[in-house]
Number of protein chains: 2
Amino acid sequence: MSKLPKITHHEMRTAENSAAYLLPKLLAMKQSNPHLTVLDVGAGSGTISASFAKAIPEGRVTATDKNKDILLRAAAVAEEAGVTNIDFQEADVFKLPFASESFDVVHCHQVLCHLKLPVDALREMLRVTKPGGIVAAREGDYDSECIWPNTPGLVKFHMFAAGCINKLAGGSTSAGRQLLSWALQAGAERTQITATFGTWCYNTAEDKQGWAEGIVNTIRNTDGALRKGGLATGMTTEDDLEEMAKAWEEWSKNDDATLGMLHGEVIIQK
Amino acid sequence: MSKLPKITHHEMRTAENSAAYLLPKLLAMKQSNPHLTVLDVGAGSGTISASFAKAIPEGRVTATDKNKDILLRAAAVAEEAGVTNIDFQEADVFKLPFASESFDVVHCHQVLCHLKLPVDALREMLRVTKPGGIVAAREGDYDSECIWPNTPGLVKFHMFAAGCINKLAGGSTSAGRQLLSWALQAGAERTQITATFGTWCYNTAEDKQGWAEGIVNTIRNTDGALRKGGLATGMTTEDDLEEMAKAWEEWSKNDDATLGMLHGEVIIQK
């Protein structure tokens with residue numbers, strides 16, 4: 001277990017900083033039903049899943065991911081957090097291994113932005129949601145990313161990463177602004193949807209270091225998809241990658257450094 | 001008074017939706033001193049100033065603007081809101097007509113982004129702030145604006161408006177991300193500053209209509225600076241302006257329409 005890499009910048013995520021739009025609704029639902037069931041789709045290393053489990057001690061969280069290795073890390077995160085009301089299951093978001101109308105809350109965070117067919121995924125999430133339950137999704141809008149100071153190496157990284165999301169992975173760098181549209185296309189009525197924008201904001205010493213370290217590790221990881229895919233497709237070079245890594249290291253040391261990004265958020269009342 | 005134009009999209013602003021980052025701090029300061037004095041710089045039509053006045057009924061708000069006509073509208077707004085603990089005063093943000101260390105809270109919203117010398121303005125705001133008081137600023141980052149669906153007329157408007165901010169007015173479309181840097185340049189220590197990002201988000205029927213109506217009125221106003229300046233400098237044409245106005249009208253009718261923008265926010269503890 002200890003050999004699994006810790007994806008620092010992913011593990012900064014908690015329900016408090018990444019699902020703040022959902023928490024009041026979740027807690028209100030818990031009032032009328034303490035035994036809430038929550039499905040967290042594409043849970044990754046599961047830091048958000050674990051904080052959901054903490055928020056509903058009498059409820060139960062099911063954390064899924066298509067990558068079963070990352071679920072081992074998620075199990076370790078849950079154990080470290082001392083939560084036991086959580087299960088882990090490998091699952092394809094397009095074909096969730098659950099009966100229709102199974103969960104009170106079906107959640108995803110930064111999942112649809114990586115998919116070619118986000119509407120199909122949302123439709124599947126709606127399928128496994130109980131009537132009276134909710135689907136909640138939060139997706140970054142990478143095109144809206146604000147970085148200061150925006151040095152050439154950081155501009156280069158943004159363009160490269162955007163290319164990877166749009167071309168390599170077949171996702172979308174404007175997912176945040178499209179999320180409401182996707183929810184409508186998945187069959188929700190406008191009156192069922194509450195749409196908001198939230199933000200990421202990193203500028204404290206700890207946040208800057210965590211964020212930059214996570215990205216630098218990703219850039220320099222010779223086994224990672226970003227580096228391997230970028231080099232194999234000719235989208236970047238080893239020299240460019242090193243310039244980007246150094247630019248992030250320098251950024252994190254600047255007093256005036258800040259980073260923000262808009263996130264689209266929807267709650268669909270089924 | 002009734003002949004003054006109502007700038008719809010400006011008057012949607014309240015302390016609750018535009019100074020949420022500041023309200024908890026303001027209320028905490030009120031606990032120890034109910035007689036807080038707040039200076040609102042560049043208050044415009046004063047909807048935020050009026051909500052500050054409501055939040056500190058035993059305190060006093062001074063709302064200033066360089067445009068004395070808009071302060072007449074601000075006085076009407078305060079009267080409509082039923083607040084009387086507020087004064088209005090014409091003032092230049094670079095030369096505030098107040099003694100040093102006069103106010104507990106000195107605030108501005110969407111002011112520095114329009115200035116050629118935002119650091120000088122912040123320095124002047126710090127000057128009139130009491131030791132132990134705060135300067136609070138919130139500035140849009142127009143480059144981060146997210147619009148969906150992003151039709152050609154809206155893209156054209158964004159480019160035109162960005163040109164007006166950067167070139168005509170000498171302001172900055174990346175003010176939000178630079179705000180922390182400006183605060184440091186104005187003399188604040190990093191440890192005195194709390195920096196966050198907030199958002200704008202318009203997608204309900206009422207918000208979309210209010211926002212679009214405000215922009216359409218601005219575009220079509222033959223006496224307005226945007227239209228007159230844009231035409232005089234050749235930055236736009238009458239046909240383009242009409243295309244932009246129609247694009248906003250159409251946008252506001254779409255179920256999937258949404259708009260968001262990052263706002264940099266700083267609280268400087270003096």
# chains A, B, ... in the order shown; residues from 1 in each chain; ligands from 1
>>> interface_residues(of="chain A", to="chain B", cutoff="6 Å", atoms="only C-alpha atoms", output="ChimeraX atom specification")
/A:144,148,177,180-181,197,201,256
>>> write_last_selection(atoms="all heavy atoms", output="PDB file, in the first residue's frame")
ATOM      1  N   SER A 144     -10.896  28.706 -17.786  1.00  0.00           N
ATOM      2  CA  SER A 144     -11.033  29.886 -16.914  1.00  0.00           C
ATOM      3  C   SER A 144      -9.889  30.006 -15.915  1.00  0.00           C
ATOM      4  O   SER A 144      -9.899  30.904 -15.077  1.00  0.00           O
ATOM      5  CB  SER A 144     -12.361  29.829 -16.151  1.00  0.00           C
ATOM      6  OG  SER A 144     -12.272  28.881 -15.083  1.00  0.00           O
ATOM      7  N   TRP A 148      -1.220  33.717 -11.408  1.00  0.00           N
ATOM      8  CA  TRP A 148      -0.356  34.889 -11.293  1.00  0.00           C
ATOM      9  C   TRP A 148       0.808  34.542 -10.403  1.00  0.00           C
ATOM     10  O   TRP A 148       0.609  33.894  -9.395  1.00  0.00           O
ATOM     11  CB  TRP A 148      -1.127  36.093 -10.726  1.00  0.00           C
ATOM     12  CG  TRP A 148      -0.329  37.328 -10.904  1.00  0.00           C
ATOM     13  CD1 TRP A 148       0.502  37.913  -9.981  1.00  0.00           C
ATOM     14  CD2 TRP A 148      -0.248  38.120 -12.088  1.00  0.00           C
ATOM     15  NE1 TRP A 148       1.098  39.017 -10.512  1.00  0.00           N
ATOM     16  CE2 TRP A 148       0.653  39.171 -11.805  1.00  0.00           C
ATOM     17  CE3 TRP A 148      -0.839  38.047 -13.347  1.00  0.00           C
ATOM     18  CZ2 TRP A 148       0.968  40.136 -12.764  1.00  0.00           C
ATOM     19  CZ3 TRP A 148      -0.530  39.008 -14.286  1.00  0.00           C
ATOM     20  CH2 TRP A 148       0.375  40.048 -13.990  1.00  0.00           C
ATOM     21  N   ARG A 177     -18.656  25.413 -17.669  1.00  0.00           N
ATOM     22  CA  ARG A 177     -19.739  26.242 -18.220  1.00  0.00           C
ATOM     23  C   ARG A 177     -20.778  25.403 -18.965  1.00  0.00           C
ATOM     24  O   ARG A 177     -21.895  25.860 -19.198  1.00  0.00           O
ATOM     25  CB  ARG A 177     -19.170  27.348 -19.100  1.00  0.00           C
ATOM     26  CG  ARG A 177     -18.579  26.909 -20.408  1.00  0.00           C
ATOM     27  CD  ARG A 177     -17.725  27.981 -21.058  1.00  0.00           C
ATOM     28  NE  ARG A 177     -16.440  28.095 -20.386  1.00  0.00           N
ATOM     29  CZ  ARG A 177     -15.469  28.945 -20.752  1.00  0.00           C
ATOM     30  NH1 ARG A 177     -15.655  29.762 -21.783  1.00  0.00           N
ATOM     31  NH2 ARG A 177     -14.327  28.985 -20.096  1.00  0.00           N
ATOM     32  N   LEU A 180     -24.477  22.655 -16.962  1.00  0.00           N
ATOM     33  CA  LEU A 180     -25.932  22.847 -16.961  1.00  0.00           C
ATOM     34  C   LEU A 180     -26.544  22.319 -18.251  1.00  0.00           C
ATOM     35  O   LEU A 180     -27.566  21.625 -18.242  1.00  0.00           O
ATOM     36  CB  LEU A 180     -26.233  24.342 -16.776  1.00  0.00           C
ATOM     37  CG  LEU A 180     -27.664  24.814 -17.010  1.00  0.00           C
ATOM     38  CD1 LEU A 180     -28.648  24.106 -16.087  1.00  0.00           C
ATOM     39  CD2 LEU A 180     -27.755  26.334 -16.799  1.00  0.00           C
ATOM     40  N   SER A 181     -25.897  22.619 -19.368  1.00  0.00           N
ATOM     41  CA  SER A 181     -26.368  22.134 -20.668  1.00  0.00           C
ATOM     42  C   SER A 181     -26.361  20.600 -20.710  1.00  0.00           C
ATOM     43  O   SER A 181     -27.310  19.969 -21.202  1.00  0.00           O
ATOM     44  CB  SER A 181     -25.471  22.720 -21.758  1.00  0.00           C
ATOM     45  OG  SER A 181     -25.761  22.146 -23.007  1.00  0.00           O
ATOM     46  N   PHE A 197     -21.543  28.338  -9.671  1.00  0.00           N
ATOM     47  CA  PHE A 197     -20.101  28.211  -9.913  1.00  0.00           C
ATOM     48  C   PHE A 197     -19.382  28.277  -8.574  1.00  0.00           C
ATOM     49  O   PHE A 197     -19.761  29.042  -7.695  1.00  0.00           O
ATOM     50  CB  PHE A 197     -19.569  29.351 -10.804  1.00  0.00           C
ATOM     51  CG  PHE A 197     -19.785  29.144 -12.270  1.00  0.00           C
ATOM     52  CD1 PHE A 197     -20.686  29.935 -12.971  1.00  0.00           C
ATOM     53  CD2 PHE A 197     -19.080  28.179 -12.962  1.00  0.00           C
ATOM     54  CE1 PHE A 197     -20.884  29.763 -14.336  1.00  0.00           C
ATOM     55  CE2 PHE A 197     -19.267  27.996 -14.334  1.00  0.00           C
ATOM     56  CZ  PHE A 197     -20.181  28.784 -15.024  1.00  0.00           C
ATOM     57  N   CYS A 201      -8.906  28.061  -5.112  1.00  0.00           N
ATOM     58  CA  CYS A 201      -8.040  29.197  -4.862  1.00  0.00           C
ATOM     59  C   CYS A 201      -6.852  28.737  -4.043  1.00  0.00           C
ATOM     60  O   CYS A 201      -7.009  28.305  -2.906  1.00  0.00           O
ATOM     61  CB  CYS A 201      -8.803  30.274  -4.107  1.00  0.00           C
ATOM     62  SG  CYS A 201      -7.786  31.706  -3.766  1.00  0.00           S
ATOM     63  N   ASP A 256       3.390  36.643  -4.166  1.00  0.00           N
ATOM     64  CA  ASP A 256       2.194  37.140  -4.854  1.00  0.00           C
ATOM     65  C   ASP A 256       1.549  36.081  -5.745  1.00  0.00           C
ATOM     66  O   ASP A 256       0.655  36.379  -6.532  1.00  0.00           O
ATOM     67  CB  ASP A 256       2.514  38.399  -5.672  1.00  0.00           C
ATOM     68  CG  ASP A 256       3.497  38.136  -6.810  1.00  0.00           C
ATOM     69  OD1 ASP A 256       4.108  37.042  -6.837  1.00  0.00           O
ATOM     70  OD2 ASP A 256       3.649  39.027  -7.656  1.00  0.00           O
TER      71      ASP A 256
END
>>> residues_around(residues="Lys54 (chain A)", least_positions_apart="4", cutoff="10 Å", atoms="only C-alpha atoms", output="NGL selection string")
:A and (15 or 48-50 or 58-61 or 78 or 81-86)
>>> residues_around(residues="region 214-222 of chain A", least_positions_apart="6", cutoff="12 Å", atoms="only C-alpha atoms", output="ChimeraX atom specification")
/A:5-12,154,157-158,160-161,207-208,228-232,236-252
>>> write_last_selection(atoms="C-alpha atoms", output="PDB file, in the first residue's frame")
ATOM      1  CA  PRO A   5       1.967   7.242  -5.183  1.00  0.00           C
ATOM      2  CA  LYS A   6       0.244   9.957  -3.228  1.00  0.00           C
ATOM      3  CA  ILE A   7      -1.288  12.347  -5.751  1.00  0.00           C
ATOM      4  CA  THR A   8      -0.780  15.413  -3.571  1.00  0.00           C
ATOM      5  CA  HIS A   9      -2.919  17.903  -5.453  1.00  0.00           C
ATOM      6  CA  HIS A  10      -5.814  15.437  -5.728  1.00  0.00           C
ATOM      7  CA  GLU A  11      -5.662  14.587  -2.055  1.00  0.00           C
ATOM      8  CA  MET A  12      -6.128  18.244  -1.080  1.00  0.00           C
ATOM      9  CA  LEU A 154       3.230  28.227 -16.761  1.00  0.00           C
ATOM     10  CA  PHE A 157       1.999  24.096 -19.156  1.00  0.00           C
ATOM     11  CA  HIS A 158      -1.566  25.421 -19.394  1.00  0.00           C
ATOM     12  CA  PHE A 160      -0.045  21.584 -22.962  1.00  0.00           C
ATOM     13  CA  ALA A 161      -2.444  20.370 -20.269  1.00  0.00           C
ATOM     14  CA  ASP A 207      -1.630  25.194  -0.713  1.00  0.00           C
ATOM     15  CA  LYS A 208       0.911  26.523  -3.204  1.00  0.00           C
ATOM     16  CA  LYS A 228       4.240   9.611 -21.800  1.00  0.00           C
ATOM     17  CA  GLY A 229       1.267  10.739 -23.883  1.00  0.00           C
ATOM     18  CA  GLY A 230       2.659  14.229 -24.399  1.00  0.00           C
ATOM     19  CA  LEU A 231       6.030  12.932 -25.584  1.00  0.00           C
ATOM     20  CA  ALA A 232       4.620  10.082 -27.691  1.00  0.00           C
ATOM     21  CA  THR A 236       5.753  18.417 -25.891  1.00  0.00           C
ATOM     22  CA  THR A 237       9.456  17.735 -25.422  1.00  0.00           C
ATOM     23  CA  GLU A 238      11.595  16.716 -22.443  1.00  0.00           C
ATOM     24  CA  ASP A 239      13.090  20.218 -22.337  1.00  0.00           C
ATOM     25  CA  ASP A 240       9.660  21.841 -22.361  1.00  0.00           C
ATOM     26  CA  LEU A 241       8.454  19.520 -19.594  1.00  0.00           C
ATOM     27  CA  GLU A 242      11.451  20.449 -17.444  1.00  0.00           C
ATOM     28  CA  GLU A 243      10.816  24.157 -18.101  1.00  0.00           C
ATOM     29  CA  MET A 244       7.211  23.675 -16.958  1.00  0.00           C
ATOM     30  CA  ALA A 245       8.227  21.789 -13.802  1.00  0.00           C
ATOM     31  CA  LYS A 246      10.717  24.493 -12.856  1.00  0.00           C
ATOM     32  CA  ALA A 247       8.147  27.210 -13.537  1.00  0.00           C
ATOM     33  CA  TRP A 248       5.759  25.583 -11.026  1.00  0.00           C
ATOM     34  CA  GLU A 249       8.535  25.270  -8.448  1.00  0.00           C
ATOM     35  CA  GLU A 250       9.345  28.958  -8.834  1.00  0.00           C
ATOM     36  CA  TRP A 251       5.682  29.970  -8.778  1.00  0.00           C
ATOM     37  CA  SER A 252       5.134  28.256  -5.446  1.00  0.00           C
TER      38      SER A 252
END
>>> select_by_dssp(residues="region 116-186 of chain A", states="strand (DSSP E)", output="number ranges by chain")
A: 129-140, 146-148
>>> write_last_selection(atoms="N, CA, C and O atoms", output="short mmCIF file (atom, residue, chain, number, x, y, z; two decimals), in the first residue's frame")
data_model
loop_
_atom_site.label_atom_id
_atom_site.label_comp_id
_atom_site.auth_asym_id
_atom_site.auth_seq_id
_atom_site.Cartn_x
_atom_site.Cartn_y
_atom_site.Cartn_z
N THR A 129 -30.23 6.82 -9.36
CA THR A 129 -30.68 7.71 -8.28
C THR A 129 -32.14 7.44 -7.95
O THR A 129 -32.98 7.31 -8.85
N LYS A 130 -32.44 7.37 -6.65
CA LYS A 130 -33.84 7.17 -6.23
C LYS A 130 -34.69 8.39 -6.57
O LYS A 130 -34.21 9.52 -6.50
N PRO A 131 -35.96 8.19 -6.87
CA PRO A 131 -36.86 9.35 -6.97
C PRO A 131 -36.83 10.10 -5.63
O PRO A 131 -36.84 9.46 -4.57
N GLY A 132 -36.74 11.39 -5.69
CA GLY A 132 -36.58 12.18 -4.47
C GLY A 132 -35.12 12.37 -4.09
O GLY A 132 -34.80 13.18 -3.21
N GLY A 133 -34.24 11.63 -4.74
CA GLY A 133 -32.80 11.77 -4.51
C GLY A 133 -32.21 12.85 -5.41
O GLY A 133 -32.94 13.55 -6.12
N ILE A 134 -30.90 12.96 -5.36
CA ILE A 134 -30.23 13.98 -6.19
C ILE A 134 -28.97 13.44 -6.88
O ILE A 134 -28.33 12.52 -6.38
N VAL A 135 -28.71 14.04 -8.03
CA VAL A 135 -27.39 13.89 -8.67
C VAL A 135 -26.65 15.21 -8.47
O VAL A 135 -27.23 16.28 -8.69
N ALA A 136 -25.40 15.12 -8.02
CA ALA A 136 -24.61 16.34 -7.81
C ALA A 136 -23.29 16.18 -8.55
O ALA A 136 -22.59 15.18 -8.40
N ALA A 137 -22.95 17.19 -9.35
CA ALA A 137 -21.70 17.12 -10.13
C ALA A 137 -20.99 18.46 -10.07
O ALA A 137 -21.62 19.52 -10.04
N ARG A 138 -19.68 18.39 -10.03
CA ARG A 138 -18.84 19.60 -10.03
C ARG A 138 -17.68 19.38 -10.97
O ARG A 138 -16.93 18.41 -10.82
N GLU A 139 -17.54 20.24 -11.95
CA GLU A 139 -16.55 20.05 -13.00
C GLU A 139 -15.78 21.34 -13.24
O GLU A 139 -16.36 22.41 -13.38
N GLY A 140 -14.47 21.21 -13.31
CA GLY A 140 -13.63 22.37 -13.56
C GLY A 140 -13.83 22.95 -14.95
O GLY A 140 -14.30 22.28 -15.87
N CYS A 146 -6.95 31.01 -13.77
CA CYS A 146 -6.22 32.26 -13.54
C CYS A 146 -4.95 31.96 -12.77
O CYS A 146 -5.02 31.43 -11.66
N ILE A 147 -3.82 32.30 -13.32
CA ILE A 147 -2.56 32.10 -12.61
C ILE A 147 -1.80 33.43 -12.57
O ILE A 147 -1.77 34.15 -13.56
N TRP A 148 -1.22 33.72 -11.41
CA TRP A 148 -0.36 34.89 -11.29
C TRP A 148 0.81 34.54 -10.40
O TRP A 148 0.61 33.89 -9.39
#
>>> select_by_dssp(residues="region 55-196 of chain B", states="alpha helix (DSSP H)", output="NGL selection string")
:B and (55 or 68-81 or 118-127 or 152-163 or 175-185)
